[in-house]
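Participant: My file is entry35.cif. It has mmCIF, C-alpha atoms:
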data_entry
#
loop_
_atom_site.label_atom_id
_atom_site.label_comp_id
_atom_site.auth_asym_id
_atom_site.auth_seq_id
_atom_site.Cartn_x
_atom_site.Cartn_y
_atom_site.Cartn_z
CA MET M 1 -22.03 35.72 7.07
CA PRO M 2 -20.86 32.15 7.79
CA GLN M 3 -21.11 29.59 5.04
CA PRO M 4 -23.67 26.82 5.54
CA SER M 5 -22.20 23.67 7.02
CA LEU M 6 -21.69 20.81 4.59
CA VAL M 7 -23.18 17.63 6.03
CA ALA M 8 -22.15 14.61 3.98
CA VAL M 9 -24.74 11.87 4.42
CA ALA M 10 -23.55 8.27 4.14
CA HIS M 11 -25.86 5.29 4.27
CA GLY M 12 -23.97 3.44 6.98
CA SER M 13 -22.51 -0.05 6.89
CA ARG M 14 -21.43 -2.89 9.15
CA ASP M 15 -18.19 -3.02 7.16
CA PRO M 16 -15.67 -0.91 9.12
CA ARG M 17 -13.96 0.10 5.87
CA ALA M 18 -17.01 2.15 4.90
CA LEU M 19 -16.61 4.58 7.80
CA HIS M 20 -12.89 4.91 7.14
CA THR M 21 -13.63 5.62 3.48
CA ALA M 22 -16.16 8.34 4.30
CA HIS M 23 -13.67 10.08 6.58
CA ALA M 24 -10.95 9.85 3.93
CA LEU M 25 -13.25 11.41 1.33
CA LEU M 26 -14.22 14.26 3.65
CA ASP M 27 -10.55 14.90 4.40
CA ARG M 28 -10.10 15.53 0.68
CA VAL M 29 -13.10 17.88 0.71
CA ARG M 30 -11.57 19.84 3.60
CA GLU M 31 -8.28 20.11 1.73
CA LEU M 32 -10.12 21.67 -1.20
CA ARG M 33 -12.18 24.04 0.99
CA PRO M 34 -10.25 24.52 4.28
CA ARG M 35 -12.59 27.10 5.83
CA LEU M 36 -15.75 25.12 5.23
CA ASP M 37 -17.38 23.31 8.17
CA VAL M 38 -17.65 19.71 6.94
CA ARG M 39 -19.54 17.12 8.98
CA LEU M 40 -20.62 13.50 8.54
CA GLY M 41 -24.00 11.93 9.30
CA HIS M 42 -25.33 8.43 8.67
CA ILE M 43 -28.82 7.26 7.78
CA GLU M 44 -28.34 4.09 9.84
CA LEU M 45 -25.86 1.62 11.35
CA ASN M 46 -23.00 4.04 12.12
CA ALA M 47 -22.42 7.01 14.39
CA PRO M 48 -22.91 9.84 14.10
CA LEU M 49 -26.47 9.45 12.90
CA LEU M 50 -27.74 12.29 10.73
CA ASP M 51 -30.20 13.61 13.34
CA ASP M 52 -27.39 13.84 15.90
CA THR M 53 -25.13 15.70 13.48
CA LEU M 54 -27.86 18.21 12.68
CA GLU M 55 -28.74 18.69 16.35
CA ALA M 56 -25.19 19.95 17.01
CA LEU M 57 -25.35 22.60 14.26
CA ARG M 58 -26.72 26.12 14.18
CA GLY M 59 -27.58 28.44 11.32
CA GLU M 60 -27.67 26.79 7.89
CA ALA M 61 -26.67 23.38 6.56
CA VAL M 62 -26.57 21.60 3.21
CA LEU M 63 -27.05 17.84 3.18
CA VAL M 64 -24.95 16.23 0.45
CA PRO M 65 -25.86 12.56 0.01
CA LEU M 66 -22.92 10.25 -0.59
CA LEU M 67 -25.41 8.23 -2.60
CA LEU M 68 -25.42 7.63 -6.33
CA GLY M 69 -29.05 7.99 -7.42
CA ARG M 70 -32.49 9.35 -6.65
CA GLY M 71 -33.78 6.56 -4.45
CA TYR M 72 -35.82 6.48 -1.24
CA HIS M 73 -33.09 7.86 1.02
CA VAL M 74 -32.54 10.97 -1.11
CA LYS M 75 -36.20 11.66 -1.77
CA ARG M 76 -37.68 10.74 1.62
CA ASP M 77 -35.17 10.19 4.44
CA LEU M 78 -33.06 13.29 3.88
CA PRO M 79 -35.95 15.76 3.49
CA SER M 80 -37.54 14.24 6.61
CA ALA M 81 -34.33 14.75 8.59
CA ALA M 82 -34.14 18.33 7.33
CA ALA M 83 -37.72 18.95 8.45
CA ARG M 84 -37.00 17.59 11.93
CA ALA M 85 -34.11 20.03 12.36
CA ARG M 86 -36.39 22.98 13.03
CA HIS M 87 -33.56 25.05 14.49
CA LEU M 88 -31.74 25.05 11.10
CA ARG M 89 -32.30 26.22 7.56
CA VAL M 90 -31.47 23.13 5.53
CA ALA M 91 -31.10 22.42 1.84
CA VAL M 92 -30.81 18.91 0.42
CA ALA M 93 -28.38 18.54 -2.47
CA ALA M 94 -28.72 16.15 -5.38
CA PRO M 95 -27.11 12.71 -5.16
CA LEU M 96 -23.66 12.23 -6.64
CA GLY M 97 -24.88 10.58 -9.82
CA PRO M 98 -25.17 10.96 -12.65
CA HIS M 99 -22.36 13.43 -13.34
CA PRO M 100 -19.18 13.56 -15.47
CA LEU M 101 -16.99 13.76 -12.35
CA LEU M 102 -18.49 10.50 -11.14
CA VAL M 103 -17.72 8.94 -14.51
CA GLU M 104 -14.14 10.19 -14.25
CA ALA M 105 -13.77 8.32 -10.97
CA LEU M 106 -15.37 5.16 -12.39
CA ARG M 107 -13.01 5.18 -15.36
CA ASP M 108 -9.95 5.64 -13.16
CA ARG M 109 -10.98 2.80 -10.85
CA LEU M 110 -11.42 0.52 -13.87
CA GLU M 111 -8.00 1.44 -15.25
CA GLU M 112 -6.43 0.88 -11.84
CA ALA M 113 -7.92 -2.63 -11.87
CA GLY M 114 -6.40 -3.38 -15.28
CA TRP M 115 -9.18 -2.46 -17.71
CA THR M 116 -8.00 -2.25 -21.32
CA PRO M 117 -9.71 -0.68 -24.35
CA GLY M 118 -12.41 -2.87 -25.86
CA THR M 119 -13.31 -4.57 -22.57
CA ALA M 120 -17.07 -4.46 -21.93
CA VAL M 121 -18.26 -3.27 -18.53
CA VAL M 122 -20.97 -4.14 -16.01
CA LEU M 123 -21.80 -1.10 -13.89
CA ALA M 124 -22.77 -2.81 -10.64
CA GLY M 125 -24.72 -0.85 -8.03
CA ALA M 126 -26.95 -1.44 -5.04
CA GLY M 127 -30.33 -1.24 -6.75
CA SER M 128 -33.62 0.45 -5.89
CA ARG M 129 -37.30 0.05 -6.64
CA ASP M 130 -37.46 3.73 -7.56
CA PRO M 131 -37.59 4.13 -11.37
CA GLN M 132 -35.67 7.41 -11.16
CA SER M 133 -32.79 5.60 -9.48
CA ALA M 134 -32.69 3.10 -12.36
CA ALA M 135 -32.78 5.98 -14.83
CA ASP M 136 -29.80 7.55 -13.08
CA ALA M 137 -27.86 4.28 -13.32
CA ARG M 138 -28.66 3.98 -17.03
CA ARG M 139 -27.53 7.56 -17.61
CA THR M 140 -24.27 6.91 -15.77
CA ALA M 141 -23.74 3.75 -17.82
CA ALA M 142 -24.24 5.74 -21.03
CA LEU M 143 -21.80 8.44 -19.90
CA LEU M 144 -19.24 5.81 -18.91
CA SER M 145 -19.61 4.09 -22.27
CA GLU M 146 -18.87 7.40 -24.00
CA ARG M 147 -15.83 7.92 -21.77
CA LEU M 148 -14.56 4.42 -22.65
CA ASP M 149 -14.78 5.02 -26.42
CA GLY M 150 -18.14 3.35 -26.88
CA VAL M 151 -17.64 -0.06 -25.26
CA PRO M 152 -20.90 -1.58 -23.96
CA VAL M 153 -21.70 -0.70 -20.34
CA LEU M 154 -24.66 -2.48 -18.76
CA PRO M 155 -26.07 -1.41 -15.39
CA ALA M 156 -26.69 -4.22 -12.89
CA TYR M 157 -27.81 -4.41 -9.28
CA ALA M 158 -27.22 -6.27 -6.04
CA SER M 159 -30.87 -6.09 -4.93
CA SER M 160 -34.35 -4.70 -5.67
CA ALA M 161 -33.81 -4.40 -9.44
CA ALA M 162 -32.76 -6.40 -12.47
CA PRO M 163 -30.49 -7.53 -13.97
CA THR M 164 -28.12 -8.85 -11.35
CA ALA M 165 -24.40 -8.57 -12.00
CA PRO M 166 -24.08 -12.26 -13.03
CA GLU M 167 -27.03 -11.81 -15.41
CA ALA M 168 -25.43 -8.74 -16.97
CA VAL M 169 -22.13 -10.61 -17.40
CA ARG M 170 -23.96 -13.45 -19.17
CA ALA M 171 -25.83 -10.97 -21.39
CA LEU M 172 -22.60 -9.36 -22.53
CA ALA M 173 -20.99 -12.76 -23.12
CA ALA M 174 -24.00 -13.79 -25.23
CA ARG M 175 -23.33 -10.74 -27.41
CA GLY M 176 -19.83 -11.99 -28.07
CA HIS M 177 -17.90 -9.96 -25.50
CA HIS M 178 -15.20 -12.19 -24.06
CA ARG M 179 -13.48 -9.50 -21.99
CA ILE M 180 -15.81 -8.16 -19.29
CA ALA M 181 -15.01 -6.01 -16.25
CA VAL M 182 -17.20 -5.04 -13.31
CA ALA M 183 -17.19 -1.34 -12.33
CA SER M 184 -18.11 -0.79 -8.69
CA TYR M 185 -20.94 1.75 -8.52
CA PHE M 186 -20.54 2.09 -4.76
CA ALA M 187 -19.16 4.94 -2.71
CA ALA M 188 -17.47 2.59 -0.22
CA PRO M 189 -16.70 -1.08 0.44
CA GLY M 190 -19.45 -3.26 1.85
CA ARG M 191 -21.46 -6.45 1.39
CA PHE M 192 -23.16 -5.43 -1.85
CA ALA M 193 -19.90 -4.16 -3.36
CA ALA M 194 -18.20 -7.47 -2.60
CA GLN M 195 -21.20 -9.45 -3.86
CA THR M 196 -21.24 -7.75 -7.25
CA ALA M 197 -17.45 -7.84 -7.61
CA ALA M 198 -17.58 -11.62 -7.21
CA ALA M 199 -19.51 -11.81 -10.50
CA ALA M 200 -16.55 -10.48 -12.48
CA PRO M 201 -15.13 -13.12 -14.84
CA ALA M 202 -11.76 -11.37 -14.90
CA LEU M 203 -11.37 -8.03 -13.18
CA ALA M 204 -13.43 -5.93 -10.78
CA ALA M 205 -12.77 -2.29 -9.96
CA ALA M 206 -12.62 -0.95 -6.42
CA PRO M 207 -15.43 1.23 -5.03
CA LEU M 208 -15.20 4.96 -5.72
CA GLY M 209 -13.87 5.68 -2.22
CA ASP M 210 -11.92 8.88 -1.73
CA HIS M 211 -11.21 9.52 -5.41
CA PRO M 212 -10.30 13.21 -5.91
CA ALA M 213 -13.05 13.67 -8.50
CA LEU M 214 -15.59 12.54 -5.92
CA ALA M 215 -14.40 15.22 -3.50
CA ARG M 216 -14.84 17.86 -6.22
CA LEU M 217 -18.31 16.49 -6.95
CA VAL M 218 -19.33 16.73 -3.28
CA LEU M 219 -18.41 20.43 -3.34
CA HIS M 220 -20.21 20.96 -6.65
CA ARG M 221 -23.41 19.49 -5.20
CA TYR M 222 -22.94 21.60 -2.06
CA ASP M 223 -22.45 24.82 -4.03
CA THR M 224 -25.51 24.18 -6.20
CA ALA M 225 -27.75 23.50 -3.20
CA THR M 226 -26.32 26.44 -1.24
CA ARG M 227 -27.70 28.80 -3.88
CA SER M 228 -31.20 27.56 -3.02
CA LEU M 229 -30.77 28.82 0.56
CA ALA M 230 -30.45 32.34 -0.81
CA ARG M 231 -34.00 32.01 -2.19
CA PRO M 232 -36.22 31.62 0.91
CA ARG M 233 -39.35 30.80 -1.05
CA THR M 234 -37.65 28.17 -3.21
CA VAL M 235 -37.68 24.50 -2.23
CA PHE M 236 -34.70 22.61 -3.66
CA ARG M 237 -35.86 19.27 -5.05
CA PRO M 238 -32.97 16.83 -5.52
CA GLU M 239 -35.20 14.33 -7.33
CA LEU M 240 -35.35 16.76 -10.27
CA VAL M 241 -31.57 17.11 -10.64
CA THR M 242 -29.86 14.65 -12.98
CA ALA M 243 -26.49 16.26 -13.74
#
Could you write out this file's structure as structure tokens?
Facilitator:
Amino acid sequence: MPQPSLVAVAHGSRDPRALHTAHALLDRVRELRPRLDVRLGHIELNAPLLDDTLEALRGEAVLVPLLLGRGYHVKRDLPSAAARARHLRVAVAAPLGPHPLLVEALRDRLEEAGWTPGTAVVLAGAGSRDPQSAADARRTAALLSERLDGVPVLPAYASSAAPTAPEAVRALAARGHHRIAVASYFAAPGRFAAQTAAAAPALAAAPLGDHPALARLVLHRYDTATRSLARPRTVFRPELVTA
């Protein structure tokens, strides 16, 4: 029996680097699982849109959001798209965060940017009004702090939530931290990633991009959600998955 198609779902961006980054990440996924049918769909702004990707498929599909927390897109947009694809059996996987593999990628991006032990970190993401999304960011910040030997890691946001990245930088400085880095809690380059990076007093890490750990995480989320397709009466609920 054929494996379900893996449909990676990106938000979409006017920054052309975002589409290139998504394709580079999915190339890594295909290298890890050569026989798996891997597709890309966007929520908005870029082709192919998710509905168009699903329309071209038959059989079963797993939507893996290239998103970092349980916000509106994961909890509303993706299940709605799955419901519209009546010709398919569709499962929706959990978002990429929080997870140790995501933290591995964040740490590596910081070290690539020149982070040194003892440097405090602002974990800068997009932001959401959904409290579960904020909880996911806090959990990722805690995991990253553990991975960096206990240095403070404060989550911050580009929109819809507080604190902003500049506010988080000032909060860490007020606590006596004179070396502060900004970790990019974004899957790809874009306006919000650039906006939060500009708040860095010294160094800012690159977005997660096509980091190898991210490719492994995409497949982990796919495999977990695929098991739900084997249970016809079970509805997989990504909003309940936190690791």
Participant: My list of candidates is M:Val38, M:Leu50, M:Ala56, M:Val121. Which is closest to M:His11 when distances are computed with all atoms listed in the file?
Facilitator: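 Checking each of M:Val38, M:Leu50, M:Ala56, M:Val121 against M:His11, counting all atoms listed in the file, the winner is M:Leu50.
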Participant: Compile the contact shell of stretch 19-34 of chain M as a list in words: residues with an atom at most 9 Å away, counting all atoms listed in the file, same-chain residues fewer than 6 positions apart removed.
Facilitator: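 Here the answer would be Ala8, Ala10, Gly12, Ser13, Leu40, Asn46, Leu66, Ala187, Ala188, Pro189, Gly209, Asp210, His211, Pro212, Leu214, Ala215, Arg216, Val218 and Leu219 of chain M.
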Participant: Just how far from atom CA of M:Ala126 is atom CA of M:Ala158, in Å to one decimal?
Facilitator: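 It comes out at 4.9 Å.
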Participant: I'd like to know which of M:Gly127, M:Pro207, M:Pro2, M:Gly176 is closest to M:Arg107, using only C-alpha atoms.
Facilitator: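 Using only C-alpha atoms, M:Arg107 sits closest to M:Pro207.
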Participant: Using the chain letters and residue numbers of this document, give as a list in words the residues selected by the PyMOL selection byres ((chain M and resi 162) around 12).
Facilitator: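 With the PyMOL selection byres ((chain M and resi 162) around 12) on this model, the match is Ala124, Gly125, Ala126, Gly127, Ser128, Arg129, Pro131, Ala134, Ala137, Leu154, Pro155, Ala156, Tyr157, Ala158, Ser159, Ser160, Ala161, Pro163, Thr164, Ala165, Pro166, Glu167 and Ala168 of chain M.
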Participant: What is the distance between atom CA of M:Asp130 and atom CA of M:Arg221, in Å to one decimal?
Facilitator: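 Separating atom CA of M:Asp130 from atom CA of M:Arg221 is a distance of 21.2 Å.
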Participant: Please tell me which residues are no farther than 6 Å from (-32.2, 25.3, 0.9) in the file, counting all atoms listed in the file, and write them as a list in words.
Facilitator: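 The requested residues, written out, are Val90, Ala91, Ser228, Leu229 and Phe236 of chain M.
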Participant: Suppose a student applies the PyMOL selection byres ((chain M and resi 78) around 12) to this structure; what residues should they get, written as a count of residues only?
Facilitator: 43
Participant: Quick one, how far is atom CA of M:Thr140 from atom CA of M:Gly114?
Facilitator: 20.6 Å
Participant: Between M:Ala173, M:Val182, M:Ala198, M:Ala205, which has the minimum distance to M:Asp108 (counting all atoms listed in the file)?
Facilitator: M:Ala205
Participant: Pick out the closest residue to M:His178 from this set: M:Thr119, M:Leu217, M:Arg147, M:Asp136. Count all atoms listed in the file.
Facilitator: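 When distances to M:His178 are compared using all atoms listed in the file, the smallest one comes from M:Thr119.
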Participant: Counting all atoms listed in the file, find residues at most 6 Å from (-16.5, -8.1, -14.3) (file frame) and give them as a list of chain:residue names.
Facilitator: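 Residues lying no farther than 6 Å from the given point: M:Ile180, M:Ala181, M:Val182, M:Ala200, M:Pro201, M:Ala202, M:Leu203, M:Ala204.
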Participant: For stretch 65-74 of chain M, what centre and edge lengths in Å (one decimal) does the axis-aligned box get once 4 Å is added on each side of all its listed atoms, as lines of an AutoDock Vina configuration file?
Facilitator:
center_x = -29.4
center_y = 9.5
center_z = -3.2
size_x = 20.9
size_y = 14.1
size_z = 16.4
Participant: Convert the output of the PyMOL selection byres ((chain M and resi 149) around 12) on the shown file into explicit residues, formatted as a PDB file with C-alpha atoms, keeping the file's coordinate frame.
Facilitator:
ATOM      1  CA  ARG M 107     -13.010   5.180 -15.360  1.00  0.00           C
ATOM      2  CA  THR M 116      -8.000  -2.250 -21.320  1.00  0.00           C
ATOM      3  CA  PRO M 117      -9.710  -0.680 -24.350  1.00  0.00           C
ATOM      4  CA  GLY M 118     -12.410  -2.870 -25.860  1.00  0.00           C
ATOM      5  CA  THR M 119     -13.310  -4.570 -22.570  1.00  0.00           C
ATOM      6  CA  ALA M 120     -17.070  -4.460 -21.930  1.00  0.00           C
ATOM      7  CA  VAL M 121     -18.260  -3.270 -18.530  1.00  0.00           C
ATOM      8  CA  ALA M 142     -24.240   5.740 -21.030  1.00  0.00           C
ATOM      9  CA  LEU M 143     -21.800   8.440 -19.900  1.00  0.00           C
ATOM     10  CA  LEU M 144     -19.240   5.810 -18.910  1.00  0.00           C
ATOM     11  CA  SER M 145     -19.610   4.090 -22.270  1.00  0.00           C
ATOM     12  CA  GLU M 146     -18.870   7.400 -24.000  1.00  0.00           C
ATOM     13  CA  ARG M 147     -15.830   7.920 -21.770  1.00  0.00           C
ATOM     14  CA  LEU M 148     -14.560   4.420 -22.650  1.00  0.00           C
ATOM     15  CA  GLY M 150     -18.140   3.350 -26.880  1.00  0.00           C
ATOM     16  CA  VAL M 151     -17.640  -0.060 -25.260  1.00  0.00           C
ATOM     17  CA  PRO M 152     -20.900  -1.580 -23.960  1.00  0.00           C
ATOM     18  CA  VAL M 153     -21.700  -0.700 -20.340  1.00  0.00           C
TER      19      VAL M 153
END
Participant: When you count all atoms listed in the file, which of these residues is closest to M:Ala199: M:Arg170, M:Arg14, M:Arg58, M:Arg86?
Facilitator: M:Arg170
Participant: Export stretch 67-126 of chain M of the preceding structure, keeping C-alpha atoms, as a JSON list (two decimals), in the first residue's frame.
Facilitator:
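Once written, part.json looks like this:
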[["chain", "number", "residue", "atom", "x", "y", "z"],
["M", 67, "LEU", "CA", 5.24, 26.47, 11.53],
["M", 68, "LEU", "CA", 6.66, 26.65, 15.03],
["M", 69, "GLY", "CA", 3.65, 26.72, 17.35],
["M", 70, "ARG", "CA", -0.03, 25.98, 17.83],
["M", 71, "GLY", "CA", -1.49, 29.16, 16.39],
["M", 72, "TYR", "CA", -4.48, 29.90, 14.17],
["M", 73, "HIS", "CA", -3.03, 28.38, 11.00],
["M", 74, "VAL", "CA", -2.32, 25.01, 12.62],
["M", 75, "LYS", "CA", -5.58, 24.81, 14.55],
["M", 76, "ARG", "CA", -7.96, 26.30, 11.98],
["M", 77, "ASP", "CA", -6.56, 26.77, 8.47],
["M", 78, "LEU", "CA", -4.98, 23.35, 8.07],
["M", 79, "PRO", "CA", -7.94, 21.31, 9.37],
["M", 80, "SER", "CA", -10.23, 23.39, 7.13],
["M", 81, "ALA", "CA", -8.08, 22.62, 4.09],
["M", 82, "ALA", "CA", -8.09, 18.94, 5.02],
["M", 83, "ALA", "CA", -11.89, 18.99, 5.27],
["M", 84, "ARG", "CA", -12.22, 20.60, 1.84],
["M", 85, "ALA", "CA", -10.15, 17.81, 0.26],
["M", 86, "ARG", "CA", -13.01, 15.33, 0.34],
["M", 87, "HIS", "CA", -11.30, 13.03, -2.15],
["M", 88, "LEU", "CA", -8.43, 12.38, 0.32],
["M", 89, "ARG", "CA", -7.90, 10.93, 3.76],
["M", 90, "VAL", "CA", -5.87, 13.62, 5.49],
["M", 91, "ALA", "CA", -4.10, 13.86, 8.82],
["M", 92, "VAL", "CA", -2.70, 17.12, 10.19],
["M", 93, "ALA", "CA", 0.62, 16.80, 12.01],
["M", 94, "ALA", "CA", 1.76, 18.88, 14.95],
["M", 95, "PRO", "CA", 3.78, 22.04, 14.32],
["M", 96, "LEU", "CA", 7.56, 21.83, 14.44],
["M", 97, "GLY", "CA", 7.86, 23.29, 17.93],
["M", 98, "PRO", "CA", 8.52, 22.65, 20.64],
["M", 99, "HIS", "CA", 10.90, 19.73, 20.14],
["M", 100, "PRO", "CA", 14.55, 18.89, 20.94],
["M", 101, "LEU", "CA", 15.42, 18.71, 17.24],
["M", 102, "LEU", "CA", 14.21, 22.27, 16.81],
["M", 103, "VAL", "CA", 16.38, 23.32, 19.74],
["M", 104, "GLU", "CA", 19.36, 21.58, 18.12],
["M", 105, "ALA", "CA", 18.87, 23.72, 15.03],
["M", 106, "LEU", "CA", 18.46, 26.91, 17.08],
["M", 107, "ARG", "CA", 21.68, 26.21, 18.98],
["M", 108, "ASP", "CA", 23.63, 25.54, 15.79],
["M", 109, "ARG", "CA", 22.38, 28.74, 14.15],
["M", 110, "LEU", "CA", 23.45, 30.72, 17.23],
["M", 111, "GLU", "CA", 26.91, 29.15, 17.22],
["M", 112, "GLU", "CA", 27.25, 29.83, 13.49],
["M", 113, "ALA", "CA", 26.53, 33.51, 14.24],
["M", 114, "GLY", "CA", 29.26, 33.65, 16.89],
["M", 115, "TRP", "CA", 27.40, 32.88, 20.12],
["M", 116, "THR", "CA", 29.72, 32.11, 23.03],
["M", 117, "PRO", "CA", 28.94, 30.50, 26.40],
["M", 118, "GLY", "CA", 27.38, 32.88, 28.90],
["M", 119, "THR", "CA", 25.70, 35.05, 26.25],
["M", 120, "ALA", "CA", 22.00, 35.57, 27.03],
["M", 121, "VAL", "CA", 19.49, 34.95, 24.25],
["M", 122, "VAL", "CA", 16.28, 36.49, 22.95],
["M", 123, "LEU", "CA", 14.22, 33.86, 21.14],
["M", 124, "ALA", "CA", 12.49, 36.04, 18.55],
["M", 125, "GLY", "CA", 9.42, 34.69, 16.74],
["M", 126, "ALA", "CA", 6.42, 35.93, 14.81]]
